[in-house]
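S.K.: Contents of upload-v3.cif (mmCIF, C-alpha atoms (C1' of nucleotides)):
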```
data_entry
#
loop_
_atom_site.label_atom_id
_atom_site.label_comp_id
_atom_site.auth_asym_id
_atom_site.auth_seq_id
_atom_site.Cartn_x
_atom_site.Cartn_y
_atom_site.Cartn_z
CA MET A 1 -29.10 -18.82 -10.52
CA GLN A 2 -27.62 -21.69 -12.53
CA ASP A 3 -28.18 -19.62 -15.63
CA THR A 4 -25.92 -16.81 -14.45
CA LEU A 5 -23.26 -19.44 -13.82
CA PHE A 6 -23.60 -21.00 -17.28
CA GLU A 7 -23.64 -17.60 -18.87
CA PHE A 8 -20.44 -16.71 -17.09
CA ILE A 9 -18.70 -19.97 -18.03
CA SER A 10 -19.76 -19.72 -21.66
CA LYS A 11 -17.71 -16.54 -21.96
CA TYR A 12 -14.66 -18.76 -21.63
CA VAL A 13 -15.53 -22.27 -22.86
CA SER A 14 -18.59 -23.64 -24.64
CA LEU A 15 -20.88 -25.91 -22.63
CA THR A 16 -22.97 -28.88 -23.76
CA GLU A 17 -26.20 -29.81 -21.99
CA ASP A 18 -24.42 -32.90 -20.67
CA GLU A 19 -21.71 -30.81 -19.15
CA LYS A 20 -24.24 -28.50 -17.59
CA ASN A 21 -25.91 -31.50 -16.01
CA VAL A 22 -22.61 -32.79 -14.66
CA LEU A 23 -22.03 -29.44 -13.00
CA LEU A 24 -25.52 -29.38 -11.50
CA SER A 25 -25.29 -32.99 -10.29
CA LEU A 26 -22.33 -32.10 -8.10
CA ASP A 27 -24.55 -30.04 -5.81
CA LEU A 28 -22.10 -27.20 -5.32
CA PHE A 29 -24.57 -24.41 -4.61
CA ARG A 30 -24.79 -23.01 -1.08
CA SER A 31 -26.92 -20.21 0.32
CA VAL A 32 -25.26 -18.50 3.26
CA LYS A 33 -26.64 -15.86 5.60
CA LYS A 34 -25.04 -12.48 6.13
CA GLY A 35 -22.43 -12.68 8.87
CA THR A 36 -21.65 -16.37 8.41
CA ILE A 37 -17.97 -17.08 8.86
CA LEU A 38 -16.81 -19.44 6.12
CA LEU A 39 -13.21 -19.80 7.21
CA LYS A 40 -11.46 -19.01 10.50
CA GLU A 41 -7.85 -18.20 11.23
CA GLY A 42 -6.02 -21.31 12.41
CA HIS A 43 -8.50 -23.67 10.76
CA LYS A 44 -7.93 -25.96 7.80
CA SER A 45 -10.25 -26.16 4.84
CA GLN A 46 -10.03 -27.39 1.27
CA ASP A 47 -13.01 -25.33 0.17
CA GLU A 48 -12.86 -22.59 -2.38
CA TYR A 49 -15.65 -20.13 -3.01
CA PHE A 50 -17.10 -18.77 -6.19
CA VAL A 51 -19.60 -15.97 -5.59
CA LEU A 52 -22.78 -16.19 -7.66
CA LYS A 53 -24.62 -13.48 -5.78
CA GLY A 54 -23.68 -11.39 -2.78
CA CYS A 55 -20.32 -10.52 -1.28
CA ILE A 56 -17.70 -12.22 0.86
CA ARG A 57 -14.80 -10.62 2.61
CA LYS A 58 -11.28 -11.73 3.52
CA TYR A 59 -9.72 -10.26 6.66
CA TYR A 60 -6.91 -10.72 9.14
CA ILE A 61 -7.12 -9.99 12.84
CA ILE A 62 -3.92 -8.23 13.91
CA ASP A 63 -3.67 -7.11 17.56
CA GLY A 64 -7.43 -7.60 17.89
CA GLU A 65 -8.12 -5.39 14.91
CA GLU A 66 -9.75 -6.48 11.67
CA LYS A 67 -7.70 -5.80 8.55
CA THR A 68 -9.78 -6.33 5.43
CA THR A 69 -7.67 -7.08 2.36
CA ALA A 70 -10.23 -8.19 -0.22
CA PHE A 71 -13.87 -8.34 -1.21
CA PHE A 72 -15.29 -10.87 -3.64
CA THR A 73 -18.55 -10.14 -5.41
CA GLU A 74 -20.53 -11.63 -8.28
CA MET A 75 -18.48 -13.97 -10.52
CA GLU A 76 -15.32 -13.65 -8.44
CA ASN A 77 -13.47 -16.59 -6.97
CA LEU A 78 -11.62 -16.93 -3.67
CA THR A 79 -9.28 -19.86 -3.30
CA PRO A 80 -7.92 -19.59 0.23
CA HIS A 81 -4.21 -19.99 0.56
CA CYS A 82 -4.66 -22.77 3.11
CA ALA A 83 -6.55 -24.85 0.52
CA ILE A 84 -3.55 -24.72 -1.82
CA ASN A 85 -0.89 -25.41 0.80
CA ASN A 86 -2.95 -27.73 2.99
CA ASP A 87 -2.03 -25.43 5.82
CA THR A 88 -3.97 -23.61 8.56
CA SER A 89 -5.50 -20.33 7.47
CA GLU A 90 -3.95 -17.00 8.41
CA TYR A 91 -7.16 -15.14 7.77
CA PHE A 92 -10.93 -15.16 8.06
CA VAL A 93 -13.55 -15.23 5.35
CA SER A 94 -17.07 -14.07 6.10
CA CYS A 95 -20.28 -13.13 4.31
CA LEU A 96 -21.03 -9.44 4.06
CA GLU A 97 -24.49 -10.07 2.67
CA ASP A 98 -26.79 -13.02 2.19
CA THR A 99 -24.78 -14.81 -0.45
CA ILE A 100 -25.11 -17.64 -2.95
CA LEU A 101 -21.86 -19.51 -3.41
CA LEU A 102 -20.45 -22.31 -5.41
CA VAL A 103 -18.30 -24.22 -2.93
CA SER A 104 -15.81 -26.69 -4.34
CA ASN A 105 -12.71 -28.50 -3.17
CA SER A 106 -9.89 -30.37 -4.87
CA ASP A 107 -11.63 -33.77 -4.48
CA MET A 108 -14.48 -32.40 -6.50
CA GLY A 109 -11.94 -30.89 -8.86
CA VAL A 110 -10.76 -34.41 -9.70
CA GLU A 111 -14.33 -35.54 -10.27
CA ILE A 112 -15.17 -32.52 -12.38
CA ASN A 113 -12.04 -32.87 -14.45
CA SER A 114 -12.80 -36.50 -15.29
CA LYS A 115 -16.42 -35.84 -16.27
CA PHE A 116 -15.78 -32.44 -17.75
CA PRO A 117 -12.27 -32.05 -19.16
CA LYS A 118 -12.87 -28.50 -20.34
CA PHE A 119 -12.96 -27.55 -16.70
CA GLU A 120 -9.18 -27.56 -16.57
CA THR A 121 -9.00 -25.13 -19.48
CA LEU A 122 -11.52 -22.91 -17.74
CA CYS A 123 -9.51 -22.90 -14.51
CA LYS A 124 -6.32 -22.09 -16.37
CA ILE A 125 -7.89 -19.13 -18.15
CA LEU A 126 -9.51 -17.83 -14.99
CA SER A 127 -6.38 -18.09 -12.92
CA GLU A 128 -4.27 -16.39 -15.58
CA GLU A 129 -6.81 -13.62 -15.78
CA LEU A 130 -6.88 -13.33 -12.01
CA LEU A 131 -3.09 -13.24 -11.77
CA ALA A 132 -2.89 -10.44 -14.32
CA LYS A 133 -5.67 -8.49 -12.62
CA GLN A 134 -4.03 -8.86 -9.24
CA GLN A 135 -0.70 -7.64 -10.48
CA ILE A 136 -2.33 -4.54 -11.88
CA ASP A 137 -4.32 -3.94 -8.70
CA PHE A 138 -1.16 -4.34 -6.62
CA ASP A 139 0.77 -1.95 -8.85
CA GLU A 140 -2.03 0.59 -8.68
CA PHE A 141 -2.19 0.32 -4.91
CA LYS A 142 1.56 0.87 -4.59
CA ILE A 143 1.73 3.91 -6.82
CA SER A 144 -1.30 5.62 -5.28
CA SER A 145 -1.95 7.67 -2.16
CA PRO A 146 -4.94 6.74 0.04
CA GLU A 147 -6.94 9.54 -1.55
CA GLN A 148 -6.11 8.36 -5.07
CA ARG A 149 -6.98 4.81 -4.04
CA TYR A 150 -10.40 5.96 -2.89
CA LEU A 151 -10.97 7.86 -6.12
CA ASN A 152 -9.87 4.85 -8.14
CA LEU A 153 -12.28 2.65 -6.21
CA LEU A 154 -15.03 5.17 -6.87
CA GLN A 155 -14.25 4.79 -10.59
CA ASN A 156 -13.65 1.05 -10.80
CA ARG A 157 -15.88 -0.50 -8.14
CA PRO A 158 -18.53 2.08 -7.19
CA ASP A 159 -20.75 -0.79 -6.02
CA LEU A 160 -18.29 -1.65 -3.24
CA ILE A 161 -18.56 1.83 -1.75
CA GLN A 162 -22.32 1.36 -1.52
CA ARG A 163 -22.48 -2.14 -0.15
CA VAL A 164 -19.46 -2.25 2.19
CA PRO A 165 -19.34 -0.64 5.68
CA GLN A 166 -17.02 2.34 5.87
CA HIS A 167 -14.64 0.91 8.44
CA GLN A 168 -14.06 -2.17 6.28
CA LEU A 169 -13.54 0.00 3.23
CA ALA A 170 -11.04 2.10 5.15
CA SER A 171 -9.00 -0.91 6.11
CA TYR A 172 -9.19 -2.14 2.51
CA LEU A 173 -7.69 1.21 1.45
CA GLY A 174 -4.95 0.82 4.05
CA ILE A 175 -6.16 3.57 6.39
CA LYS A 176 -8.28 4.12 9.55
CA PRO A 177 -12.03 4.83 9.39
CA GLN A 178 -11.50 8.34 10.74
CA SER A 179 -9.04 9.06 7.94
CA LEU A 180 -11.53 7.84 5.37
CA SER A 181 -14.22 10.15 6.77
CA ARG A 182 -11.82 13.07 6.67
CA LEU A 183 -10.60 12.20 3.19
CA ARG A 184 -14.16 12.09 1.89
CA ALA A 185 -14.90 15.46 3.46
CA ARG A 186 -11.73 16.84 1.87
CA ILE A 187 -12.76 15.62 -1.57
CA LEU A 188 -16.21 17.20 -1.22
CA GLU A 189 -14.59 20.51 -0.22
CA LYS A 190 -12.32 20.46 -3.25
CA LYS A 191 -15.26 19.90 -5.59
CA SER A 192 -17.13 22.96 -4.36
CA MET B 193 24.02 -21.91 -15.96
CA GLN B 194 21.85 -24.60 -17.55
CA ASP B 195 22.40 -26.69 -14.46
CA THR B 196 20.81 -24.12 -12.17
CA LEU B 197 17.80 -24.12 -14.49
CA PHE B 198 17.50 -27.91 -14.52
CA GLU B 199 17.94 -28.03 -10.78
CA PHE B 200 15.15 -25.50 -10.37
CA ILE B 201 12.78 -27.33 -12.72
CA SER B 202 13.44 -30.70 -11.11
CA LYS B 203 11.98 -29.37 -7.89
CA TYR B 204 8.63 -29.40 -9.68
CA VAL B 205 8.73 -32.05 -12.44
CA SER B 206 11.30 -34.74 -13.29
CA LEU B 207 13.36 -34.20 -16.41
CA THR B 208 14.77 -36.78 -18.84
CA GLU B 209 17.97 -36.11 -20.78
CA ASP B 210 15.85 -35.81 -23.92
CA GLU B 211 13.72 -33.14 -22.38
CA LYS B 212 16.78 -31.26 -21.21
CA ASN B 213 18.09 -31.32 -24.78
CA VAL B 214 14.79 -30.02 -26.12
CA LEU B 215 14.99 -27.11 -23.73
CA LEU B 216 18.59 -26.34 -24.67
CA SER B 217 17.88 -26.64 -28.41
CA LEU B 218 15.39 -23.78 -28.20
CA ASP B 219 18.18 -21.31 -27.53
CA LEU B 220 16.32 -19.32 -24.89
CA PHE B 221 19.29 -17.99 -22.96
CA ARG B 222 20.14 -14.30 -23.17
CA SER B 223 22.86 -12.29 -21.48
CA VAL B 224 21.86 -8.67 -20.98
CA LYS B 225 23.94 -5.75 -19.70
CA LYS B 226 23.01 -3.66 -16.70
CA GLY B 227 20.73 -0.82 -17.74
CA THR B 228 19.29 -2.57 -20.78
CA ILE B 229 15.60 -1.81 -21.23
CA LEU B 230 13.76 -5.01 -22.10
CA LEU B 231 10.29 -3.53 -22.47
CA LYS B 232 9.09 0.05 -22.92
CA GLU B 233 5.77 1.66 -22.14
CA GLY B 234 3.58 1.81 -25.22
CA HIS B 235 5.41 -1.05 -26.93
CA LYS B 236 4.13 -4.51 -27.69
CA SER B 237 6.02 -7.67 -26.90
CA GLN B 238 5.21 -11.33 -26.50
CA ASP B 239 8.34 -12.04 -24.51
CA GLU B 240 8.37 -13.24 -20.97
CA TYR B 241 11.46 -13.32 -18.79
CA PHE B 242 12.75 -15.90 -16.39
CA VAL B 243 15.75 -14.70 -14.39
CA LEU B 244 18.59 -17.18 -14.08
CA LYS B 245 21.09 -14.75 -12.62
CA GLY B 246 20.84 -11.04 -11.87
CA CYS B 247 17.88 -8.77 -11.33
CA ILE B 248 15.26 -7.06 -13.47
CA ARG B 249 12.88 -4.33 -12.44
CA LYS B 250 9.37 -3.33 -13.45
CA TYR B 251 8.45 0.35 -13.26
CA TYR B 252 5.90 2.88 -14.39
CA ILE B 253 6.65 6.48 -15.29
CA ILE B 254 3.95 8.70 -13.81
CA ASP B 255 4.31 12.46 -14.27
CA GLY B 256 7.92 11.92 -15.25
CA GLU B 257 8.64 9.99 -12.09
CA GLU B 258 9.69 6.35 -11.93
CA LYS B 259 7.45 4.16 -9.80
CA THR B 260 9.03 0.78 -9.20
CA THR B 261 6.50 -1.92 -8.37
CA ALA B 262 8.51 -5.14 -8.58
CA PHE B 263 11.94 -6.73 -8.70
CA PHE B 264 12.61 -10.17 -10.12
CA THR B 265 15.73 -12.04 -9.08
CA GLU B 266 17.10 -15.56 -9.46
CA MET B 267 14.44 -18.15 -10.42
CA GLU B 268 11.64 -15.61 -10.64
CA ASN B 269 9.48 -15.11 -13.71
CA LEU B 270 7.99 -11.97 -15.17
CA THR B 271 5.23 -12.36 -17.72
CA PRO B 272 4.35 -8.84 -18.79
CA HIS B 273 0.68 -8.04 -18.89
CA CYS B 274 0.93 -6.94 -22.52
CA ALA B 275 2.13 -10.41 -23.53
CA ILE B 276 -1.03 -11.96 -22.08
CA ASN B 277 -3.47 -9.39 -23.50
CA ASN B 278 -1.60 -8.69 -26.73
CA ASP B 279 -1.78 -5.07 -25.73
CA THR B 280 0.74 -2.22 -25.45
CA SER B 281 2.70 -2.18 -22.22
CA GLU B 282 1.84 0.26 -19.43
CA TYR B 283 5.23 -0.13 -17.84
CA PHE B 284 8.95 -0.54 -18.39
CA VAL B 285 11.20 -3.47 -17.61
CA SER B 286 14.93 -2.95 -17.26
CA CYS B 287 18.02 -4.75 -16.00
CA LEU B 288 19.36 -3.65 -12.68
CA GLU B 289 22.48 -5.76 -13.02
CA ASP B 290 24.17 -7.74 -15.75
CA THR B 291 21.60 -10.49 -16.04
CA ILE B 292 21.17 -13.92 -17.61
CA LEU B 293 17.60 -14.50 -18.74
CA LEU B 294 15.52 -17.18 -20.30
CA VAL B 295 13.36 -15.32 -22.80
CA SER B 296 10.34 -17.14 -24.17
CA ASN B 297 7.15 -16.26 -25.97
CA SER B 298 3.88 -18.03 -26.65
CA ASP B 299 5.04 -19.32 -30.06
CA MET B 300 7.83 -21.13 -28.30
CA GLY B 301 5.32 -22.20 -25.68
CA VAL B 302 3.49 -24.16 -28.37
CA GLU B 303 6.73 -25.73 -29.54
CA ILE B 304 7.83 -26.57 -26.03
CA ASN B 305 4.45 -28.03 -25.13
CA SER B 306 4.48 -30.36 -28.13
CA LYS B 307 8.03 -31.60 -27.55
CA PHE B 308 7.84 -31.49 -23.79
CA PRO B 309 4.28 -31.98 -22.45
CA LYS B 310 5.35 -31.77 -18.82
CA PHE B 311 6.00 -28.12 -19.49
CA GLU B 312 2.33 -27.34 -19.13
CA THR B 313 2.23 -29.00 -15.71
CA LEU B 314 5.28 -26.98 -14.71
CA CYS B 315 3.69 -23.72 -15.81
CA LYS B 316 0.50 -24.51 -13.96
CA ILE B 317 2.34 -25.23 -10.72
CA LEU B 318 4.50 -22.15 -11.04
CA SER B 319 1.62 -19.82 -11.79
CA GLU B 320 -0.44 -21.19 -8.92
CA GLU B 321 2.50 -20.71 -6.62
CA LEU B 322 3.05 -17.21 -7.92
CA LEU B 323 -0.62 -16.30 -7.53
CA ALA B 324 -0.62 -17.47 -3.92
CA LYS B 325 2.63 -15.65 -3.18
CA GLN B 326 1.34 -12.45 -4.73
CA GLN B 327 -1.84 -12.52 -2.75
CA ILE B 328 0.13 -12.84 0.46
CA ASP B 329 2.53 -10.09 -0.54
CA PHE B 330 -0.38 -7.81 -1.41
CA ASP B 331 -2.12 -8.54 1.88
CA GLU B 332 1.08 -7.89 3.78
CA PHE B 333 1.60 -4.62 1.96
CA LYS B 334 -1.92 -3.48 2.74
CA ILE B 335 -1.84 -4.26 6.42
CA SER B 336 1.60 -2.71 7.01
CA SER B 337 2.92 0.80 7.49
CA PRO B 338 5.91 1.90 5.38
CA GLU B 339 8.18 1.26 8.36
CA GLN B 340 6.79 -2.25 8.85
CA ARG B 341 7.14 -2.88 5.12
CA TYR B 342 10.81 -1.97 5.30
CA LEU B 343 11.34 -4.23 8.31
CA ASN B 344 9.53 -7.08 6.54
CA LEU B 345 11.72 -6.60 3.50
CA LEU B 346 14.78 -6.67 5.74
CA GLN B 347 13.55 -10.04 7.04
CA ASN B 348 12.30 -11.62 3.82
CA ARG B 349 14.50 -10.21 1.06
CA PRO B 350 17.64 -8.79 2.70
CA ASP B 351 19.45 -9.26 -0.62
CA LEU B 352 17.19 -6.65 -2.29
CA ILE B 353 18.21 -3.99 0.20
CA GLN B 354 21.83 -4.62 -0.72
CA ARG B 355 21.54 -4.79 -4.48
CA VAL B 356 18.84 -2.20 -5.23
CA PRO B 357 19.39 1.61 -5.19
CA GLN B 358 17.63 3.37 -2.32
CA HIS B 359 15.35 5.53 -4.44
CA GLN B 360 14.02 2.46 -6.26
CA LEU B 361 13.54 0.65 -2.98
CA ALA B 362 11.65 3.64 -1.62
CA SER B 363 9.26 3.66 -4.51
CA TYR B 364 8.83 -0.11 -4.14
CA LEU B 365 7.83 0.52 -0.51
CA GLY B 366 5.36 3.17 -1.63
CA ILE B 367 7.24 6.18 -0.24
CA LYS B 368 9.74 8.88 -1.30
CA PRO B 369 13.51 8.38 -1.03
CA GLN B 370 13.73 11.09 1.64
CA SER B 371 11.16 9.26 3.72
CA LEU B 372 13.12 6.04 3.43
CA SER B 373 16.28 7.77 4.63
CA ARG B 374 14.41 9.25 7.57
CA LEU B 375 12.70 5.97 8.35
CA ARG B 376 16.03 4.15 8.42
CA ALA B 377 17.49 6.78 10.73
CA ARG B 378 14.44 6.41 12.98
CA ILE B 379 14.90 2.64 13.19
CA LEU B 380 18.58 3.02 14.09
CA GLU B 381 17.66 5.50 16.85
CA LYS B 382 15.11 3.11 18.33
CA LYS B 383 17.64 0.28 18.46
CA SER B 384 20.14 2.31 20.49
"C1'" DT C 385 41.75 13.80 -14.52
"C1'" DA C 386 38.41 17.22 -14.32
"C1'" DT C 387 33.54 17.91 -14.73
"C1'" DA C 388 28.90 16.84 -14.74
"C1'" DT C 389 25.40 13.95 -13.19
"C1'" DT C 390 23.17 11.13 -10.12
"C1'" DA C 391 22.49 9.18 -5.54
"C1'" DC C 392 21.85 9.59 -0.64
"C1'" DT C 393 21.21 12.20 3.49
"C1'" DT C 394 19.69 15.99 6.39
"C1'" DA C 395 16.81 19.87 7.55
"C1'" DA C 396 12.71 22.99 7.79
"C1'" DC C 397 8.17 23.29 6.63
"C1'" DT C 398 3.57 21.48 4.88
"C1'" DT C 399 0.17 18.10 4.49
"C1'" DA C 400 -2.08 14.01 5.65
"C1'" DA C 401 -2.70 9.95 8.44
"C1'" DG C 402 -2.83 7.87 13.34
"C1'" DT C 403 -4.85 8.35 18.01
"C1'" DG C 404 -8.11 9.12 21.63
"C1'" DA C 405 -12.33 10.96 22.78
"C1'" DA C 406 -16.99 12.58 22.17
"C1'" DC C 407 -21.40 12.67 19.79
"C1'" DG C 408 -25.54 11.19 17.55
"C1'" DA C 409 -27.40 7.55 14.47
"C1'" DT C 410 -27.98 2.79 13.45
"C1'" DT C 411 -28.18 -1.73 14.31
"C1'" DT C 412 -28.37 -5.74 17.25
"C1'" DA C 413 -29.80 -8.48 21.09
"C1'" DG C 414 -32.41 -9.47 24.99
"C1'" DC D 415 -39.62 -2.25 22.72
"C1'" DT D 416 -35.68 -1.01 25.18
"C1'" DA D 417 -30.85 -1.25 26.36
"C1'" DA D 418 -26.47 -2.14 24.59
"C1'" DA D 419 -23.33 -2.31 21.12
"C1'" DT D 420 -21.65 -0.81 16.83
"C1'" DC D 421 -20.98 2.63 13.26
"C1'" DG D 422 -19.86 6.94 11.15
"C1'" DT D 423 -18.42 11.52 11.80
"C1'" DT D 424 -16.01 15.31 13.96
"C1'" DC D 425 -12.43 17.44 16.85
"C1'" DA D 426 -7.87 18.31 18.93
"C1'" DC D 427 -3.51 16.58 19.11
"C1'" DT D 428 0.51 13.56 17.65
"C1'" DT D 429 3.25 11.31 14.36
"C1'" DA D 430 4.90 10.38 9.95
"C1'" DA D 431 5.15 11.18 5.10
"C1'" DG D 432 5.43 14.75 1.12
"C1'" DT D 433 7.94 18.83 -0.51
"C1'" DT D 434 11.58 21.93 -1.31
"C1'" DA D 435 16.14 22.88 -0.82
"C1'" DA D 436 20.86 22.18 0.29
"C1'" DG D 437 25.11 19.65 0.79
"C1'" DT D 438 28.08 15.71 0.32
"C1'" DA D 439 29.44 11.38 -1.68
"C1'" DA D 440 29.64 8.36 -5.49
"C1'" DT D 441 29.42 7.51 -10.41
"C1'" DA D 442 29.67 8.37 -15.05
"C1'" DT D 443 31.37 11.09 -18.90
"C1'" DA D 444 34.28 13.93 -21.74
#
```
Please go through the file and, once you have read it, give me the structure as structure tokens.
M.R.:
Amino acid sequence: MQDTLFEFISKYVSLTEDEKNVLLSLDLFRSVKKGTILLKEGHKSQDEYFVLKGCIRKYYIIDGEEKTTAFFTEMENLTPHCAINNDTSEYFVSCLEDTILLVSNSDMGVEINSKFPKFETLCKILSEELLAKQQIDFDEFKISSPEQRYLNLLQNRPDLIQRVPQHQLASYLGIKPQSLSRLRARILEKKS
Amino acid sequence: MQDTLFEFISKYVSLTEDEKNVLLSLDLFRSVKKGTILLKEGHKSQDEYFVLKGCIRKYYIIDGEEKTTAFFTEMENLTPHCAINNDTSEYFVSCLEDTILLVSNSDMGVEINSKFPKFETLCKILSEELLAKQQIDFDEFKISSPEQRYLNLLQNRPDLIQRVPQHQLASYLGIKPQSLSRLRARILEKKS
DNA sequence: TATATTACTTAACTTAAGTGAACGATTTAG
DNA sequence: CTAAATCGTTCACTTAAGTTAAGTAATATA
């Protein structure tokens, strides 16, 4: 598991054995069972999550209804808004599958940065990349219809469609589960 | 005009007179007329834009139709994706009003960083803030209907509704201009 | 100033999403 | 293992957005 992490990091910055050991010594790895809620609405937490294996999900509860706005899978990072603003969370984060996470917080960030200065460079690159990716995703969402969004997802993240329950996918696409069922049926009809 | 810039920056990092002079010496200020196209689809550019006064707009042209995905007004920054990836742009950027911009590119970034190290800190804070803001905006967009999106905009950015043409607003809300007209009429009816 | 173009609204009609309900098929919990 | 709850699909019906077209107002252009 550590190896996948080091492999991922080495795409961005080179790592010495010493630096690898620093990372390991911090004991950041956590195994969490499917269904575990990592963060609850109204709660405070400084933790941020980097997914090594598995899938976590971010969702709001509006009028008693879950609204899923994001999934994070292998090598994706979720830094909850409340951790940045030192505020209470507006949303939930839970595990969709048994998941292995790297859980860090800003205290650790300070420690990591002192022992491992490249870490700051890494964070900068990752957050720039994330920002760019998010802008594109947002643009694509805005300019697409629900059906186009589903087709895009099928192209870009076919794994999600397999591993995520339909009703959560629907909400992620901005529609109701029934509409997603119908939309899928419609697409199949068109093909034939 | 410089004063508004310094005032804005001083919210994040303190500025000495020397540093102010460094910034001014770089000659970053540009006045651009309404309608000017700053970036075209298919073109390359390293420039990024910080709006001091006025409004710029980011839009795609899909099947000959403009799809507006963002507006940037006073004290907001647009770093085009193509400037990060050194790629050709997928979208256009144009001026909605006569606008005063701060135009910078990564070459200047190097120069600024050497003469003015705090600049890096400033950029980091701003991009973190922007990332957080974008995530919230995206979430809000996903969990809202077009009507709710319009009402949110009315709450959060009433200035946009005044200064932006309806058909661009519509596309920004993810709907057609006719639907926006109808939606507005519907809201007025409900109120009475 | 006259003319052309563009912007906004309204209307009628079409298409797709929301809603409520029903039905098996899974999954979960006792 | 069984009962209960949840999930996914389908249906009929409602509501809202897309489409096409028309008309008026505002703006830009010659």
S.K.: Can you tell me which residues surround stretch 54-66 of chain A at a distance of at most 10 Å, considering all atoms listed in the file, apart from same-chain residues fewer than 6 positions away, and format the answer as a compact mmCIF listing (two decimals) with C-alpha atoms, in the coordinates of the input?
M.R.:
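Saved result, selection-v2.txt, follows:
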```txt
# COMPACT_ATOMS: atom_id res chain seq x y z
CA SER A 31 -26.92 -20.21 0.32
CA VAL A 32 -25.26 -18.50 3.26
CA LYS A 33 -26.64 -15.86 5.60
CA LYS A 34 -25.04 -12.48 6.13
CA GLY A 35 -22.43 -12.68 8.87
CA THR A 36 -21.65 -16.37 8.41
CA ILE A 37 -17.97 -17.08 8.86
CA LEU A 38 -16.81 -19.44 6.12
CA LEU A 39 -13.21 -19.80 7.21
CA LYS A 40 -11.46 -19.01 10.50
CA GLU A 41 -7.85 -18.20 11.23
CA PHE A 72 -15.29 -10.87 -3.64
CA THR A 73 -18.55 -10.14 -5.41
CA GLU A 74 -20.53 -11.63 -8.28
CA MET A 75 -18.48 -13.97 -10.52
CA GLU A 76 -15.32 -13.65 -8.44
CA ASN A 77 -13.47 -16.59 -6.97
CA LEU A 78 -11.62 -16.93 -3.67
CA PRO A 80 -7.92 -19.59 0.23
CA SER A 89 -5.50 -20.33 7.47
CA GLU A 90 -3.95 -17.00 8.41
CA TYR A 91 -7.16 -15.14 7.77
CA PHE A 92 -10.93 -15.16 8.06
CA VAL A 93 -13.55 -15.23 5.35
CA SER A 94 -17.07 -14.07 6.10
CA CYS A 95 -20.28 -13.13 4.31
CA LEU A 96 -21.03 -9.44 4.06
CA GLU A 97 -24.49 -10.07 2.67
CA ASP A 98 -26.79 -13.02 2.19
CA THR A 99 -24.78 -14.81 -0.45
CA ILE A 100 -25.11 -17.64 -2.95
CA LEU A 101 -21.86 -19.51 -3.41
CA LEU A 160 -18.29 -1.65 -3.24
CA ARG A 163 -22.48 -2.14 -0.15
CA VAL A 164 -19.46 -2.25 2.19
CA HIS A 167 -14.64 0.91 8.44
CA GLN A 168 -14.06 -2.17 6.28
CA SER A 171 -9.00 -0.91 6.11
CA TYR A 172 -9.19 -2.14 2.51
CA ASP B 331 -2.12 -8.54 1.88
CA ILE B 335 -1.84 -4.26 6.42
```
S.K.: What are the residues of chain D lining chain B at 9 Å or less? Count all atoms listed in the file, and put the answer as a list in words.
M.R.: DA430, DA431 and DG432 of chain D
S.K.: For a quick test of understanding: name the residues of chain C lying within 10 Å of chain B when counting only C-alpha atoms (C1' of nucleotides), and present them as an MDAnalysis selection string.
M.R.: chainID C and resid 391:394
S.K.: With only C-alpha atoms as the atoms that count, which of B:Ser296, B:Gln354, B:Asn348, B:Asn277 lies nearest to chain A?
M.R.: B:Asn277
S.K.: Please identify all residues of chain B having at least one atom at most 7 Å from any atom of chain A, considering all atoms listed in the file, and return them as a PyMOL selection string.
M.R.: chain B and resi 259+261+273+323-324+330-331+334-335+366
S.K.: Using the chain letters and numbers from this file, what does the PyMOL selection byres ((chain D and resi 419) around 9) select? Give the answer as a CSV table (one decimal) with C-alpha atoms (C1' of nucleotides), in the frame of the given file.
M.R.:
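Result file follows (selection_23.csv):
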```
chain,number,residue,atom,x,y,z
C,411,DT,C1',-28.2,-1.7,14.3
C,412,DT,C1',-28.4,-5.7,17.2
C,413,DA,C1',-29.8,-8.5,21.1
D,418,DA,C1',-26.5,-2.1,24.6
D,420,DT,C1',-21.6,-0.8,16.8
```
S.K.: Separation of atom C1' of C:DG402 and atom CA of A:Pro158, in Å?
M.R.: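 Taking atom C1' of C:DG402 as the start and atom CA of A:Pro158 as the end point, the length is 26.5 Å.
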S.K.: I'd like the contact shell of C:DA388 - 10 Å cut-off, all atoms listed in the file, skipping same-chain residues fewer than 5 positions apart - returned as number ranges by chain.
M.R.: D: 442-444
S.K.: Would you save the residues of that selection, restricted to C-alpha atoms (C1' of nucleotides), as a CSV table (one decimal), keeping the file's coordinate frame?
M.R.:
```csv
chain,number,residue,atom,x,y,z
D,442,DA,C1',29.7,8.4,-15.0
D,443,DT,C1',31.4,11.1,-18.9
D,444,DA,C1',34.3,13.9,-21.7
```
S.K.: For B:Gly301, which residue out of B:Leu346, B:Leu220, B:Gln340, B:Phe198 is the nearest one, using only C-alpha atoms?
M.R.: B:Leu220
S.K.: Would you kindly translate the PyMOL selection byres ((chain D and resi 425) around 9) into the concrete residues it picks from this file, as a PyMOL selection string?
M.R.: (chain C and resi 405-406) or (chain D and resi 424+426)
S.K.: Centre and edge lengths, as lines of an AutoDock Vina configuration file, for the axis-aligned box enclosing every listed atom of stretch 398-413 of chain C with 4 Å of padding on each of the six sides, in Å to one decimal?
M.R.:
```
center_x = -13.1
center_y = 6.5
center_z = 13.6
size_x = 41.4
size_y = 38.0
size_z = 26.3
```
